[in-house]
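Q: Structure file protein_13.txt (compact mmCIF, C-alpha atoms and all ligand atoms) right here:
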```txt
# COMPACT_ATOMS: atom_id res chain seq x y z
CA LYS A 77 -16.43 7.65 -11.71
CA ILE A 78 -12.79 8.59 -11.19
CA PRO A 79 -10.45 6.59 -13.48
CA VAL A 80 -7.64 4.96 -11.48
CA VAL A 81 -4.95 2.30 -11.57
CA ILE A 82 -4.19 0.57 -8.27
CA ASP A 83 -0.62 -0.70 -7.92
CA CYS A 84 -0.41 -3.03 -4.92
CA ASP A 85 1.38 -5.84 -3.07
CA PRO A 86 -1.40 -7.67 -1.16
CA GLY A 87 -0.87 -7.73 1.80
CA HIS A 88 -3.75 -7.46 4.28
CA ASP A 89 -4.19 -3.70 4.05
CA ASP A 90 -3.80 -3.86 0.26
CA MET A 91 -6.72 -6.30 0.33
CA MET A 92 -8.74 -3.70 2.23
CA ALA A 93 -7.66 -1.05 -0.29
CA LEU A 94 -8.96 -3.20 -3.16
CA VAL A 95 -12.23 -3.93 -1.37
CA LEU A 96 -12.73 -0.23 -0.60
CA ALA A 97 -11.88 0.85 -4.15
CA TYR A 98 -14.26 -1.66 -5.73
CA GLY A 99 -17.04 -1.54 -3.16
CA SER A 100 -17.18 2.27 -3.02
CA GLY A 101 -18.63 2.34 -6.52
CA LYS A 102 -16.90 5.73 -6.97
CA LEU A 103 -13.80 4.57 -8.86
CA ASP A 104 -13.39 3.29 -12.38
CA ILE A 105 -10.58 0.79 -11.71
CA ARG A 106 -8.98 0.49 -15.15
CA ALA A 107 -6.35 -1.99 -13.95
CA VAL A 108 -4.73 -3.49 -10.88
CA THR A 109 -0.98 -3.93 -11.17
CA THR A 110 1.17 -5.85 -8.71
CA VAL A 111 4.56 -5.28 -7.16
CA ALA A 112 6.81 -7.34 -4.88
CA GLY A 113 6.95 -5.98 -1.34
CA ASN A 114 4.86 -7.66 1.30
CA ASN A 115 5.71 -10.88 -0.49
CA THR A 116 7.20 -12.25 -3.71
CA ILE A 117 5.72 -11.04 -6.98
CA SER A 118 4.09 -14.39 -7.63
CA ASN A 119 2.35 -14.38 -4.24
CA THR A 120 1.25 -10.73 -4.37
CA THR A 121 -0.14 -11.31 -7.87
CA ASN A 122 -1.89 -14.46 -6.80
CA ASN A 123 -3.34 -12.65 -3.80
CA ALA A 124 -4.63 -9.76 -5.94
CA LEU A 125 -6.28 -12.22 -8.33
CA ASN A 126 -7.85 -14.13 -5.43
CA VAL A 127 -9.21 -11.02 -3.72
CA LEU A 128 -10.66 -9.57 -6.92
CA HIS A 129 -12.31 -12.83 -7.94
CA TYR A 130 -13.69 -13.41 -4.45
CA ILE A 131 -15.31 -9.98 -4.18
CA GLY A 132 -16.83 -10.26 -7.65
CA ALA A 133 -14.45 -7.93 -9.51
CA ASP A 134 -13.50 -10.29 -12.32
CA GLU A 135 -13.75 -7.58 -14.96
CA ILE A 136 -10.71 -5.70 -13.64
CA PRO A 137 -7.51 -6.70 -15.48
CA VAL A 138 -4.48 -7.60 -13.38
CA ALA A 139 -0.91 -7.19 -14.65
CA MET A 140 2.12 -8.47 -12.85
CA GLY A 141 5.23 -6.48 -11.93
CA TYR A 142 8.78 -7.65 -11.31
CA GLN A 143 10.42 -9.57 -8.50
CA ASP A 144 13.10 -7.02 -7.64
CA PRO A 145 13.22 -3.30 -6.93
CA ILE A 146 14.67 -1.14 -9.74
CA VAL A 147 18.29 -1.21 -8.58
CA ARG A 148 18.58 -3.47 -5.53
CA SER A 149 17.69 -7.11 -5.06
CA HIS A 150 14.73 -8.19 -3.00
CA LYS A 151 17.11 -10.16 -0.78
CA GLU A 152 19.15 -7.05 -0.10
CA SER A 153 16.01 -5.16 0.94
CA MET A 154 15.14 -8.03 3.24
CA ASP A 155 18.56 -8.08 4.86
CA ARG A 156 18.44 -4.32 5.39
CA LEU A 157 14.98 -4.65 6.89
CA LYS A 158 16.16 -7.28 9.35
CA ALA A 159 19.19 -5.23 10.26
CA ARG A 160 17.12 -2.24 11.31
CA ARG A 161 14.70 -4.24 13.49
CA PRO A 162 15.21 -4.82 17.18
CA LYS A 163 17.01 -8.12 17.75
CA PRO A 164 14.58 -11.00 18.37
CA THR A 165 14.29 -11.65 22.09
CA ASN A 166 12.44 -14.97 22.30
CA ASN A 167 12.63 -18.27 20.47
CA SER A 168 9.51 -17.83 18.38
CA GLU A 169 10.72 -14.44 17.16
CA LYS A 170 14.12 -15.96 16.39
CA SER A 171 12.71 -18.86 14.42
CA ARG A 172 10.36 -16.55 12.52
CA GLU A 173 13.28 -14.35 11.55
CA ASN A 174 15.35 -17.34 10.46
CA THR A 175 12.67 -18.76 8.19
CA GLU A 176 11.79 -15.40 6.76
CA ASN A 177 12.88 -15.06 3.17
CA ILE A 178 10.50 -12.38 2.01
CA THR A 179 10.32 -8.77 3.05
CA GLY A 180 6.86 -8.45 4.57
CA ALA A 181 6.51 -11.92 6.07
CA SER A 182 6.75 -10.88 9.70
CA VAL A 183 3.42 -9.06 9.40
CA HIS A 184 1.65 -10.50 6.35
CA GLY A 185 2.85 -14.10 6.69
CA ILE A 186 4.28 -16.68 4.35
CA THR A 187 1.58 -16.28 1.69
CA GLY A 188 1.35 -12.50 2.06
CA LEU A 189 -2.29 -12.93 3.08
CA ASP A 190 -2.13 -15.37 5.98
CA GLY A 191 -5.43 -15.84 7.80
CA PHE A 192 -7.82 -16.83 5.02
CA THR A 193 -7.77 -19.68 2.51
CA PHE A 194 -9.23 -18.73 -0.85
CA PRO A 195 -10.87 -21.47 -2.92
CA PRO A 196 -8.37 -23.24 -5.20
CA ASP A 197 -8.43 -23.02 -9.02
CA ASN A 198 -9.17 -19.34 -9.39
CA PRO A 199 -10.16 -18.86 -13.06
CA LYS A 200 -8.89 -15.28 -13.01
CA LYS A 201 -5.40 -14.98 -14.53
CA PRO A 202 -2.92 -12.13 -15.04
CA GLU A 203 -2.80 -10.35 -18.41
CA SER A 204 0.02 -11.21 -20.80
CA ILE A 205 1.60 -7.74 -20.53
CA ARG A 206 3.57 -6.60 -17.48
CA ALA A 207 2.52 -3.96 -14.96
CA VAL A 208 4.50 -1.08 -16.47
CA GLU A 209 3.10 -1.68 -19.96
CA MET A 210 -0.40 -1.97 -18.50
CA ILE A 211 -0.11 1.39 -16.75
CA ALA A 212 1.14 2.92 -20.02
CA ARG A 213 -1.68 1.36 -22.00
CA VAL A 214 -4.37 2.58 -19.62
CA VAL A 215 -2.92 6.10 -19.54
CA ARG A 216 -2.44 6.25 -23.32
CA GLU A 217 -5.95 5.01 -24.11
CA SER A 218 -7.74 7.20 -21.59
CA GLU A 219 -9.24 10.52 -22.59
CA ALA A 220 -9.45 11.62 -18.96
CA PRO A 221 -6.32 11.94 -16.80
CA ILE A 222 -5.61 8.92 -14.60
CA THR A 223 -5.04 8.85 -10.85
CA LEU A 224 -2.45 6.31 -9.75
CA ILE A 225 -2.90 4.70 -6.33
CA PRO A 226 0.28 2.86 -5.30
CA THR A 227 0.01 0.89 -2.07
CA GLY A 228 3.31 -0.98 -2.26
CA PRO A 229 6.93 -0.15 -3.11
CA LEU A 230 7.07 2.32 -6.02
CA THR A 231 8.96 0.06 -8.46
CA ASN A 232 6.30 -0.01 -11.20
CA ILE A 233 5.49 3.67 -10.93
CA GLY A 234 9.19 4.64 -11.06
CA LEU A 235 9.74 2.43 -14.11
CA PHE A 236 6.65 3.87 -15.81
CA ILE A 237 7.87 7.44 -15.29
CA LYS A 238 11.30 6.59 -16.73
CA ALA A 239 10.03 4.46 -19.62
CA PHE A 240 7.10 6.64 -20.72
CA PRO A 241 7.99 10.29 -20.03
CA ASP A 242 5.64 11.31 -22.84
CA LEU A 243 2.67 9.97 -20.85
CA THR A 244 3.31 11.44 -17.42
CA HIS A 245 1.39 14.64 -18.20
CA LYS A 246 -1.74 12.47 -18.30
CA ILE A 247 -1.32 11.44 -14.65
CA LYS A 248 -3.64 13.60 -12.63
CA ARG A 249 -2.19 12.71 -9.24
CA ILE A 250 -0.37 9.95 -7.40
CA SER A 251 -2.20 9.13 -4.17
CA LEU A 252 0.23 6.86 -2.43
CA MET A 253 0.60 4.95 0.81
CA GLY A 254 4.19 5.35 1.83
CA GLY A 255 6.64 7.47 3.72
CA THR A 256 6.39 9.19 7.05
CA CYS A 257 7.07 12.70 8.13
CA GLU A 258 6.84 13.15 11.90
CA PHE A 259 5.63 9.72 13.04
CA ILE A 260 8.56 7.50 14.05
CA LEU A 261 7.90 3.78 13.77
CA SER A 262 11.48 2.54 13.89
CA ARG A 263 13.81 5.22 12.57
CA PRO A 264 13.00 8.79 11.55
CA PHE A 265 11.39 9.10 8.11
CA MET A 266 11.39 5.33 7.54
CA GLU A 267 8.41 3.47 6.12
CA PHE A 268 8.30 -0.01 4.54
CA ASN A 269 7.21 0.84 0.97
CA THR A 270 9.70 3.65 0.42
CA PHE A 271 12.39 1.57 2.14
CA VAL A 272 12.02 -1.44 -0.17
CA ASP A 273 12.66 0.54 -3.37
CA PRO A 274 14.46 3.80 -2.55
CA GLU A 275 15.50 4.55 -6.14
CA ALA A 276 11.93 4.16 -7.43
CA THR A 277 10.71 6.39 -4.61
CA LYS A 278 13.21 9.08 -5.59
CA ILE A 279 12.10 8.98 -9.24
CA VAL A 280 8.46 9.34 -8.21
CA PHE A 281 9.01 12.13 -5.68
CA GLU A 282 11.16 14.10 -8.13
CA SER A 283 8.80 13.58 -11.09
CA GLY A 284 6.83 16.80 -10.72
CA ILE A 285 3.56 14.81 -10.78
CA PRO A 286 1.22 16.00 -7.98
CA ILE A 287 1.63 13.61 -5.03
CA THR A 288 -0.56 13.08 -2.00
CA MET A 289 1.31 11.07 0.62
CA PHE A 290 -0.67 8.93 3.05
CA GLY A 291 2.20 7.92 5.31
CA TYR A 292 2.38 6.82 8.92
CA ASP A 293 1.43 10.32 10.13
CA VAL A 294 -2.14 9.71 9.02
CA THR A 295 -2.34 5.90 8.89
CA TYR A 296 -1.54 5.56 12.60
CA SER A 297 -4.21 8.16 13.39
CA VAL A 298 -7.14 6.23 11.88
CA LEU A 299 -7.22 2.79 13.46
CA TYR A 300 -9.80 0.08 13.05
CA ASP A 301 -10.89 -1.81 16.14
CA ARG A 302 -13.12 -4.67 17.31
CA ARG A 303 -16.22 -2.61 16.59
CA THR A 304 -15.19 -2.16 12.93
CA ILE A 305 -14.50 -5.88 12.60
CA ASP A 306 -17.88 -6.74 14.14
CA GLN A 307 -19.66 -4.33 11.79
CA ILE A 308 -17.92 -5.89 8.80
CA GLU A 309 -18.79 -9.40 9.96
CA ALA A 310 -22.43 -8.35 10.42
CA VAL A 311 -22.66 -7.44 6.71
CA GLY A 312 -22.99 -11.18 6.20
CA ASN A 313 -22.04 -11.59 2.54
CA GLN A 314 -19.23 -13.72 1.06
CA SER A 315 -16.67 -10.90 1.17
CA SER A 316 -17.39 -9.96 4.79
CA GLY A 317 -16.12 -13.29 6.14
CA MET A 318 -12.89 -12.96 4.18
CA VAL A 319 -12.31 -9.33 5.19
CA LYS A 320 -13.09 -10.08 8.84
CA SER A 321 -10.62 -13.00 9.00
CA LEU A 322 -7.86 -11.03 7.33
CA LEU A 323 -8.35 -7.92 9.47
CA ASP A 324 -8.37 -10.12 12.58
CA THR A 325 -5.13 -11.80 11.57
CA PHE A 326 -3.52 -8.51 10.58
CA MET A 327 -4.30 -6.91 13.92
CA VAL A 328 -2.71 -9.78 15.85
CA ARG A 329 0.39 -10.00 13.68
CA HIS A 330 0.89 -6.25 13.30
CA ASN A 331 0.54 -5.57 17.00
CA SER A 332 2.81 -8.40 18.10
CA SER A 333 5.44 -7.64 15.48
CA LEU A 334 5.46 -3.93 16.40
CA ASN A 335 4.83 -4.42 20.10
CA HIS A 336 6.68 -1.25 21.11
CA LEU A 337 3.63 0.68 19.81
CA LYS A 338 1.53 -0.96 22.56
CA LEU A 339 -1.56 -1.18 20.37
CA LYS A 340 -4.05 -3.67 21.78
CA ASP A 341 -7.38 -3.94 20.04
CA SER A 342 -6.78 -1.44 17.28
CA CYS A 343 -4.62 -1.39 14.19
CA PRO A 344 -3.89 0.74 11.10
CA VAL A 345 -5.14 -0.27 7.66
CA HIS A 346 -2.53 1.85 5.88
CA ASP A 347 -3.24 1.24 2.20
CA ALA A 348 -6.98 1.87 2.40
CA CYS A 349 -6.22 5.49 3.38
CA ALA A 350 -4.68 6.26 -0.03
CA VAL A 351 -7.82 4.93 -1.74
CA ALA A 352 -10.20 6.74 0.62
CA GLY A 353 -8.54 10.07 -0.13
CA VAL A 354 -9.29 9.65 -3.85
CA ILE A 355 -12.89 8.55 -3.27
CA ASP A 356 -13.56 11.56 -1.04
CA PRO A 357 -10.82 14.21 -0.69
CA GLU A 358 -13.01 15.93 1.94
CA LEU A 359 -12.11 13.13 4.33
CA ILE A 360 -8.72 14.79 4.69
CA THR A 361 -8.94 17.12 7.67
CA GLU A 362 -5.28 18.13 7.92
CA SER A 363 -2.50 18.15 5.33
CA LYS A 364 0.56 20.26 4.52
CA MET A 365 2.51 20.97 1.33
CA ILE A 366 6.08 19.96 2.20
CA HIS A 367 9.41 19.62 0.42
CA VAL A 368 10.33 15.94 0.65
CA ASP A 369 13.69 14.44 -0.44
CA ILE A 370 14.42 10.72 -0.69
CA GLU A 371 17.57 9.21 0.81
CA THR A 372 19.26 6.68 -1.50
CA SER A 373 22.84 6.68 -0.30
CA GLY A 374 22.65 6.18 3.44
CA THR A 375 23.43 3.15 5.56
CA TYR A 376 20.47 3.28 7.90
CA PHE A 377 18.18 5.69 6.18
CA ASP A 378 17.82 4.40 2.61
CA GLY A 379 14.36 5.12 1.26
CA ALA A 380 13.69 7.67 3.98
CA THR A 381 11.22 10.43 3.13
CA VAL A 382 13.24 13.35 4.48
CA CYS A 383 10.55 15.95 5.08
CA ASP A 384 11.32 19.62 5.67
CA TYR A 385 8.17 20.04 7.72
CA VAL A 386 9.26 23.31 9.27
CA SER A 387 10.12 24.82 5.82
CA ALA A 388 13.65 25.56 6.99
CA LEU A 389 15.19 25.17 3.54
CA GLY A 390 12.73 27.35 1.66
CA LEU A 391 12.56 24.80 -1.18
CA GLU A 392 9.51 24.28 -3.38
CA PRO A 393 7.08 21.82 -1.73
CA ASN A 394 6.60 18.73 -3.91
CA VAL A 395 4.25 16.62 -1.77
CA GLU A 396 0.95 17.05 0.02
CA VAL A 397 1.58 15.19 3.27
CA VAL A 398 -1.64 14.05 4.92
CA TYR A 399 -1.73 14.23 8.73
CA ARG A 400 -5.36 13.56 9.66
CA MET A 401 -8.54 12.10 8.17
CA ASP A 402 -12.07 11.85 9.49
CA ASN A 403 -11.77 8.59 11.40
CA GLU A 404 -15.48 7.78 11.74
CA LYS A 405 -16.26 8.47 8.10
CA PHE A 406 -13.27 6.48 6.97
CA LEU A 407 -14.20 3.42 9.00
CA SER A 408 -17.83 3.52 7.91
CA MET A 409 -16.65 3.74 4.28
CA LEU A 410 -14.82 0.44 4.80
CA VAL A 411 -17.95 -1.25 6.14
CA GLU A 412 -20.16 0.11 3.35
CA ALA A 413 -17.66 -1.00 0.71
CA VAL A 414 -17.78 -4.57 2.01
CA ARG A 415 -21.57 -4.43 1.75
CA ASN A 416 -21.32 -3.62 -1.97
CA CYS A 417 -19.01 -6.54 -2.73
CA LYS A 418 -20.16 -10.06 -3.57
C1 LIG A 501 2.98 -0.51 4.14
O1 LIG A 501 3.83 -1.63 4.17
C2 LIG A 501 3.07 -2.81 3.99
O2 LIG A 501 3.34 -3.71 5.02
C3 LIG A 501 1.62 -2.43 3.95
O3 LIG A 501 0.93 -3.19 2.98
C4 LIG A 501 1.62 -0.96 3.62
O4 LIG A 501 1.56 -0.75 2.23
C5 LIG A 501 2.94 0.12 5.52
O5 LIG A 501 4.23 0.54 5.86
CA CA A 502 0.94 -2.51 0.70
```
Please lay out the structure from this file as structure tokens.
A:
Amino acid sequence: KIPVVIDCDPGHDDMMALVLAYGSGKLDIRAVTTVAGNNTISNTTNNALNVLHYIGADEIPVAMGYQDPIVRSHKESMDRLKARRPKPTNNSEKSRENTENITGASVHGITGLDGFTFPPDNPKKPESIRAVEMIARVVRESEAPITLIPTGPLTNIGLFIKAFPDLTHKIKRISLMGGTCEFILSRPFMEFNTFVDPEATKIVFESGIPITMFGYDVTYSVLYDRRTIDQIEAVGNQSSGMVKSLLDTFMVRHNSSLNHLKLKDSCPVHDACAVAGVIDPELITESKMIHVDIETSGTYFDGATVCDYVSALGLEPNVEVVYRMDNEKFLSMLVEAVRNCK
């Protein structure tokens, strides 16, 4: 099994990433660490604990990150996020924006995992050490190099690289969901995770650690649809009901919140792509080594992954940018993973 740490902010697609990682049986998940992004740190941590307990993954330790990005406040990220969105046009959009006090709420809801109610009194609790120390502990104690799979803002990974430079040589690769190269969702090069913590993103992208970037270029090319949801529901175990409800909810909220994309009955499951690429690198059908810089001093473009995808600058490529994956194989991996959960 491949030893990994998953750093996440569940989040509907983070939930799917956890289910895929655990249910694939191919990864040795040494720890799950949490970061604020789709919701507050207490909610993303709670959500990670709930998902892991519900799917039967109680043995995986969970360590909690921090509420704010490395330099900026969470509130500032939220205000910047609102400022770059199209102005709300109807009353329900306006009231949603007014009540929104967390960065990912427009898609992932008030809890960060709206659409399914987990049983109360989860016995699974976070470890007493924080996320950064947990990553360091796992890396230090492991004989084999560790693959990091971040599926949220890169706060914990950036802090780890700064705090434990003596351990970074033991990171085999960072397989991350974040960034975008040629796919424009709102503004060029802008993606939520890199946007929320630009300084952390810069530290990670300049670290020299091998990076595979599963950004919007690939995540919007492998969409799940009604058929995938039906197949997951048909698995018929405890986890399948939870995954089905959350994927249903995500599709509705994602597609209405980003209605300019005109997606109807299909939707990306971003974070699961970064996990799938570690489970089976042969899933990747198109990728390019590209020099990517991170914007940290712009007004509109903070956190942007500025990709020299035509190699105009002649600079050393630092990132493998993934463009395409085998859609069918990827979706059937999701279904099979659910089958192997509780
Ligand atoms: C990323 O942002 C979050 O909303 C998702 O969980 C994913 O990690 C997509 O931009
Ligand atoms: Ca995420």
Q: Have a look at A:Ile366, A:Ala348, A:Val81, A:Leu125 and name the one nearest to ligand LIG 501 (chain A); count only C-alpha atoms and all ligand atoms.
A: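 Of A:Ile366, A:Ala348, A:Val81, A:Leu125, the one nearest ligand LIG 501 (chain A) is A:Ala348, counting only C-alpha atoms and all ligand atoms.
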Q: Can you work out the spacing between CA of Thr110 (chain A) and CA of Val414 (chain A) in Å, to one decimal?
A: 21.8 Å
Q: Show me which residues sit within 8 Å of ligand LIG 501 (chain A) when counting only C-alpha atoms and all ligand atoms, and put them as a VMD selection string.
A: chain A and resid 84 to 90 113 to 114 180 183 to 184 227 to 229 253 to 255 267 to 269 291 to 292 345 to 347
Q: Lys238 (chain A): which residues within 12 Å, counting all atoms listed in the file, same-chain residues fewer than 2 positions away excluded, as number ranges by chain?
A: A: 146, 208, 212, 231-236, 240-244, 275-276, 278-280, 282-283
Q: Counting only C-alpha atoms, write as a ChimeraX atom specification all protein and nucleic acid residues lying at most 12 Å from (1.1, -12.5, 13.3) in the file's frame.
A: /A:88,168-169,172,180-186,188-191,322-335
Q: Expressed in Å to a single decimal, how great is the separation between CA of Asp356 (chain A) and CA of Gln307 (chain A)?
A: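 About the pair CA of Asp356 (chain A) and CA of Gln307 (chain A): they are 21.3 Å apart.
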Q: Pick the closest to ligand CA 502 (chain A) from A:Ser100, A:Ser342, A:Ser218, A:Thr270: which is it, counting all atoms listed in the file?
A: A:Thr270
Q: Looking at all atoms listed in the file, which of A:Val111, A:Ile370, A:Ala350, A:Ile287 is the one that sits closest to Val382 (chain A)?
A: A:Ile370
Q: Out of A:Pro79, A:Gly101, A:Pro145, A:Pro195, which residue has the shortest atom-to-atom distance to Tyr130 (chain A) when counting only C-alpha atoms?
A: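 Smallest separation from Tyr130 (chain A) among the options: A:Pro195.
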Q: Nearest residue to ligand CA 502 (chain A) out of A:Ile305, A:Cys257, A:Ala124, A:Ile355, using all atoms listed in the file?
A: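 Nearest to ligand CA 502 (chain A): A:Ala124.
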Q: Counting only C-alpha atoms, which of A:Leu230, A:Leu94, A:Leu252, A:Ala310 gets nearest to Phe271 (chain A)?
A: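 Under the stated criterion, the closest residue is A:Leu230.
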Q: Find the distance between CA of Pro286 (chain A) and CA of Lys364 (chain A) and write it in Å to one decimal.
A: 13.2 Å
Q: Could you list, as a PDB file with C-alpha atoms, keeping the file's coordinate frame, every residue within 9 Å of Pro264 (chain A), counting only C-alpha atoms and ignoring same-chain residues fewer than 6 positions away?
A:
```pdb
ATOM      1  CA  THR A 256       6.390   9.190   7.050  1.00  0.00           C
ATOM      2  CA  CYS A 257       7.070  12.700   8.130  1.00  0.00           C
ATOM      3  CA  GLU A 258       6.840  13.150  11.900  1.00  0.00           C
ATOM      4  CA  PHE A 377      18.180   5.690   6.180  1.00  0.00           C
ATOM      5  CA  ALA A 380      13.690   7.670   3.980  1.00  0.00           C
ATOM      6  CA  THR A 381      11.220  10.430   3.130  1.00  0.00           C
ATOM      7  CA  VAL A 382      13.240  13.350   4.480  1.00  0.00           C
TER       8      VAL A 382
END
```
Q: Give me the residues near Ser363 (chain A) as a short mmCIF file (atom, residue, chain, number, x, y, z; two decimals) with C-alpha atoms, keeping the file's coordinate frame, where near means some atom within 7 Å (using only C-alpha atoms) and where sequence neighbours in that chain fewer than 4 positions away do not count.
A:
```cif
data_model
loop_
_atom_site.label_atom_id
_atom_site.label_comp_id
_atom_site.auth_asym_id
_atom_site.auth_seq_id
_atom_site.Cartn_x
_atom_site.Cartn_y
_atom_site.Cartn_z
CA GLU A 396 0.95 17.05 0.02
CA VAL A 397 1.58 15.19 3.27
CA VAL A 398 -1.64 14.05 4.92
CA TYR A 399 -1.73 14.23 8.73
CA ARG A 400 -5.36 13.56 9.66
#
```
